[in-house]
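Undergrad: One structure, as structure tokens, below. Some questions next.
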Amino acid sequence: MANEAATRRAPFAPAIGQTQPASSVSSDALSAFERARPTRSRWWLVRTISPLVWVCLAILAVFIVCGVFANLVAPHDPAQNDLRARLQPPAFANGGSTEHLLGTDQLGRDLLSRLIYGARVSLAIGFLGMLFGAAFGALCGLVSGFARGVVDEAFMFLVDAWVALPFLIIALSVVAMLGSSLTVLILLAALAGWASYTRVTRGLALAAREQQYVVAARAAGARPARLLLRHILPNIGAPLIVLATFELTGIILLEASLSFLGFGVQPPTPAWGYMVSEGRQYLHTAWWVGVFPGVAIMLVTVAVSLAGDWLRDVLDPTLRS
């Protein structure tokens, strides 16, 4: 009977009166945990992309490639005038020509080429403004949330005061004083969203500073800069990435608004907002002059917004299925 009970015992259980080495027990438990833990495929991120998100990513890829390689992709010089071909309709409309696929504007300039070069301006201002604004806002939020006290109150007072101001009026005033150069527009784009990054980063830093890994690093003698940049920032980066995608949409619309009002990039440099402004007086006679730039703005902003929703679902563990 004793021998039969011993054979029924689990293979890894030690016999009565015998001990098993601790290293053997820990290795057996670790291997059992590894076998029980669900493995994630290396293609799990691709499988989360819906067909609609694929379309949005393809649209963004097309605009980015066209903007970066505008010199190679554009069929014509965007600043070349041809009054003999002014207000020529698109190729698919009556009277159109394959030489100008999307038609020409009031000065005979190729509309497709101007849209391609305009993508370079809008995306450059959008991405650079987003990066600079995220870096500055995240730094302010980290310092505010980690330092607490008077420093936190000072940063939050600045944020509240900045949010209370009408930013479009501020942008128009800055452009009127400093000009509408690319550097000024990128600076305005960075200032447009830094308060949002500061608020979100401060809240995340307040929660992260009480976590065990931060407490352990502080007890080990880590300096504040190392705590912020090495331990806290990497663990709060996912919400900031999602926020950056939504801020990019606002920056592109801000640049288009300034250009529409005549305070953006000045001619002859193509800008989508300025092209919409030029085409509004031809909506009844040459609708394509103002409609196609507006469609380009709509496609980019909607694609960025839907891509941001997908990133939020993927990076947020509470929403991940």
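Here, A, B, ... name the chains of the structure tokens in the order displayed, residue numbers run from 1 inside each chain, and ligands are numbered from 1 in the same displayed order.
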Taking a cut-off of 12 Å and counting only C-alpha atoms, can you build a table that, for each residue of stretch 182-289 of chain A near stretch 298-318 of chain A, reports the nearest atom pair and how far apart they are in Å (one decimal), sorted by chain then residue number, as a Markdown table?
TA:
| residue | atom | partner | partner_atom | distance |
| --- | --- | --- | --- | --- |
| A:Asn235 | CA | A:Leu315 | CA | 11.5 |
| A:Ile236 | CA | A:Leu315 | CA | 10.7 |
| A:Gly237 | CA | A:Leu315 | CA | 9.7 |
| A:Ala238 | CA | A:Leu315 | CA | 6.0 |
| A:Pro239 | CA | A:Arg312 | CA | 7.5 |
| A:Leu240 | CA | A:Arg312 | CA | 10.0 |
| A:Ile241 | CA | A:Leu311 | CA | 8.1 |
| A:Val242 | CA | A:Gly308 | CA | 5.7 |
| A:Leu243 | CA | A:Gly308 | CA | 7.8 |
| A:Ala244 | CA | A:Gly308 | CA | 8.3 |
| A:Thr245 | CA | A:Gly308 | CA | 5.3 |
| A:Phe246 | CA | A:Ser305 | CA | 6.0 |
| A:Glu247 | CA | A:Ser305 | CA | 9.3 |
| A:Leu248 | CA | A:Val304 | CA | 7.6 |
| A:Thr249 | CA | A:Thr301 | CA | 5.2 |
| A:Gly250 | CA | A:Thr301 | CA | 8.2 |
| A:Ile251 | CA | A:Thr301 | CA | 9.7 |
| A:Ile252 | CA | A:Thr301 | CA | 7.4 |
| A:Leu253 | CA | A:Thr301 | CA | 7.8 |
| A:Leu254 | CA | A:Thr301 | CA | 11.4 |
| A:Ala256 | CA | A:Met298 | CA | 10.8 |
| A:Trp272 | CA | A:Met298 | CA | 10.8 |
| A:Gly273 | CA | A:Met298 | CA | 11.4 |
Undergrad: Could you list, as a count of residues only, every residue within 12 Å of stretch 220-227 of chain A, counting only C-alpha atoms and ignoring same-chain residues fewer than 2 positions away?
TA: 23
Undergrad: Give me, please, the distance in Å between atom CA of A:Ile59 and atom CA of A:Ala189, quoted to one decimal.
TA: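 Computed distance, atom CA of A:Ile59 to atom CA of A:Ala189, equals 22.6 Å.
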Undergrad: List the spatial neighbours of stretch 163-177 of chain A as a PyMOL selection string - criterion: any atom at most 12 Å away, only C-alpha atoms, same-chain residues fewer than 6 positions off excluded.
TA: chain A and resi 156-157+183-196+198-199+250-251+253-266
Undergrad: Write down as an MDAnalysis selection string the residues belonging to stretch 26-253 of chain A that are assigned alpha helix (DSSP H) by DSSP computed on the backbone.
TA: chainID A and resid 26:36 44:47 51:68 70:73 111:147 149:164 167:178 182:208 212:219 224:226 237:253
Undergrad: Taking 5 positions as the minimum chain separation for residues in the same chain, which residues sit within 7 Å of stretch 69-86 of chain A when counting only C-alpha atoms? Answer as a PyMOL selection string.
TA: chain A and resi 104-110+113-114+116-117+268
Undergrad: Save out the residues we just selected, N, CA and C atoms, as a PDB file, in the first residue's frame.
TA:
ATOM      1  N   THR A 104      -5.699  73.208 -62.972  1.00  0.00           N
ATOM      2  CA  THR A 104      -4.803  74.326 -62.674  1.00  0.00           C
ATOM      3  C   THR A 104      -5.575  75.399 -61.917  1.00  0.00           C
ATOM      4  N   ASP A 105      -4.828  76.332 -61.331  1.00  0.00           N
ATOM      5  CA  ASP A 105      -5.465  77.407 -60.569  1.00  0.00           C
ATOM      6  C   ASP A 105      -5.598  78.650 -61.431  1.00  0.00           C
ATOM      7  N   GLN A 106      -5.842  79.794 -60.791  1.00  0.00           N
ATOM      8  CA  GLN A 106      -6.125  81.022 -61.526  1.00  0.00           C
ATOM      9  C   GLN A 106      -4.896  81.567 -62.257  1.00  0.00           C
ATOM     10  N   LEU A 107      -3.711  81.078 -61.917  1.00  0.00           N
ATOM     11  CA  LEU A 107      -2.494  81.507 -62.606  1.00  0.00           C
ATOM     12  C   LEU A 107      -1.928  80.426 -63.512  1.00  0.00           C
ATOM     13  N   GLY A 108      -2.653  79.361 -63.689  1.00  0.00           N
ATOM     14  CA  GLY A 108      -2.196  78.282 -64.566  1.00  0.00           C
ATOM     15  C   GLY A 108      -1.209  77.335 -63.916  1.00  0.00           C
ATOM     16  N   ARG A 109      -1.057  77.383 -62.608  1.00  0.00           N
ATOM     17  CA  ARG A 109      -0.126  76.493 -61.910  1.00  0.00           C
ATOM     18  C   ARG A 109      -0.779  75.132 -61.686  1.00  0.00           C
ATOM     19  N   ASP A 110       0.025  74.080 -61.812  1.00  0.00           N
ATOM     20  CA  ASP A 110      -0.478  72.721 -61.674  1.00  0.00           C
ATOM     21  C   ASP A 110      -0.928  72.482 -60.233  1.00  0.00           C
ATOM     22  N   SER A 113       0.817  69.419 -58.263  1.00  0.00           N
ATOM     23  CA  SER A 113       2.166  69.751 -57.787  1.00  0.00           C
ATOM     24  C   SER A 113       2.117  70.657 -56.565  1.00  0.00           C
ATOM     25  N   ARG A 114       1.187  71.574 -56.553  1.00  0.00           N
ATOM     26  CA  ARG A 114       1.072  72.469 -55.401  1.00  0.00           C
ATOM     27  C   ARG A 114       0.567  71.714 -54.167  1.00  0.00           C
ATOM     28  N   ILE A 116       1.227  68.566 -53.530  1.00  0.00           N
ATOM     29  CA  ILE A 116       2.354  67.751 -53.071  1.00  0.00           C
ATOM     30  C   ILE A 116       3.345  68.603 -52.286  1.00  0.00           C
ATOM     31  N   TYR A 117       3.689  69.770 -52.800  1.00  0.00           N
ATOM     32  CA  TYR A 117       4.605  70.645 -52.071  1.00  0.00           C
ATOM     33  C   TYR A 117       3.944  71.219 -50.817  1.00  0.00           C
ATOM     34  N   PRO A 268       5.468  82.553 -52.939  1.00  0.00           N
ATOM     35  CA  PRO A 268       4.877  81.494 -53.780  1.00  0.00           C
ATOM     36  C   PRO A 268       4.948  80.092 -53.182  1.00  0.00           C
TER      37      PRO A 268
END
Undergrad: Ranking A:Phe127, A:Trp54, A:Tyr274, A:Phe136 by minimum distance to A:Tyr197 and counting only C-alpha atoms, which one comes first?
TA: A:Phe136
Undergrad: Skip A:Ser144 itself and residues of its chain fewer than 4 positions away, then list as a list of chain:residue names all residues within 10 Å of it, counting only C-alpha atoms.
TA: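 These residues fall inside the cut-off: A:Ala138, A:Leu139, A:Cys140, A:Arg148, A:Gly149, A:Val150, A:Val151, A:Asp152, A:Glu153, A:Ala154, A:Phe155, A:Met156, A:Thr198, A:Arg199, A:Thr201, A:Arg202, A:Gly203, A:Ala205, A:Leu206.
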Undergrad: Write out the residues from the selection above, keeping C-alpha atoms, as a short mmCIF file (atom, residue, chain, number, x, y, z; two decimals), in the first residue's frame.
TA:
data_model
loop_
_atom_site.label_atom_id
_atom_site.label_comp_id
_atom_site.auth_asym_id
_atom_site.auth_seq_id
_atom_site.Cartn_x
_atom_site.Cartn_y
_atom_site.Cartn_z
CA ALA A 138 6.48 66.60 -20.87
CA LEU A 139 9.53 68.12 -19.20
CA CYS A 140 7.40 70.71 -17.41
CA ARG A 148 5.33 69.06 -5.85
CA GLY A 149 4.94 72.05 -3.54
CA VAL A 150 5.61 75.56 -4.81
CA VAL A 151 7.08 74.34 -8.10
CA ASP A 152 3.93 72.37 -8.88
CA GLU A 153 1.68 75.31 -8.06
CA ALA A 154 3.76 77.66 -10.22
CA PHE A 155 3.61 75.36 -13.26
CA MET A 156 -0.12 74.77 -12.87
CA THR A 198 2.11 69.31 -19.08
CA ARG A 199 -1.21 68.45 -17.49
CA THR A 201 2.42 64.25 -17.74
CA ARG A 202 1.97 65.83 -14.30
CA GLY A 203 -0.93 63.50 -13.49
CA ALA A 205 4.12 61.53 -12.76
CA LEU A 206 2.13 62.02 -9.54
#
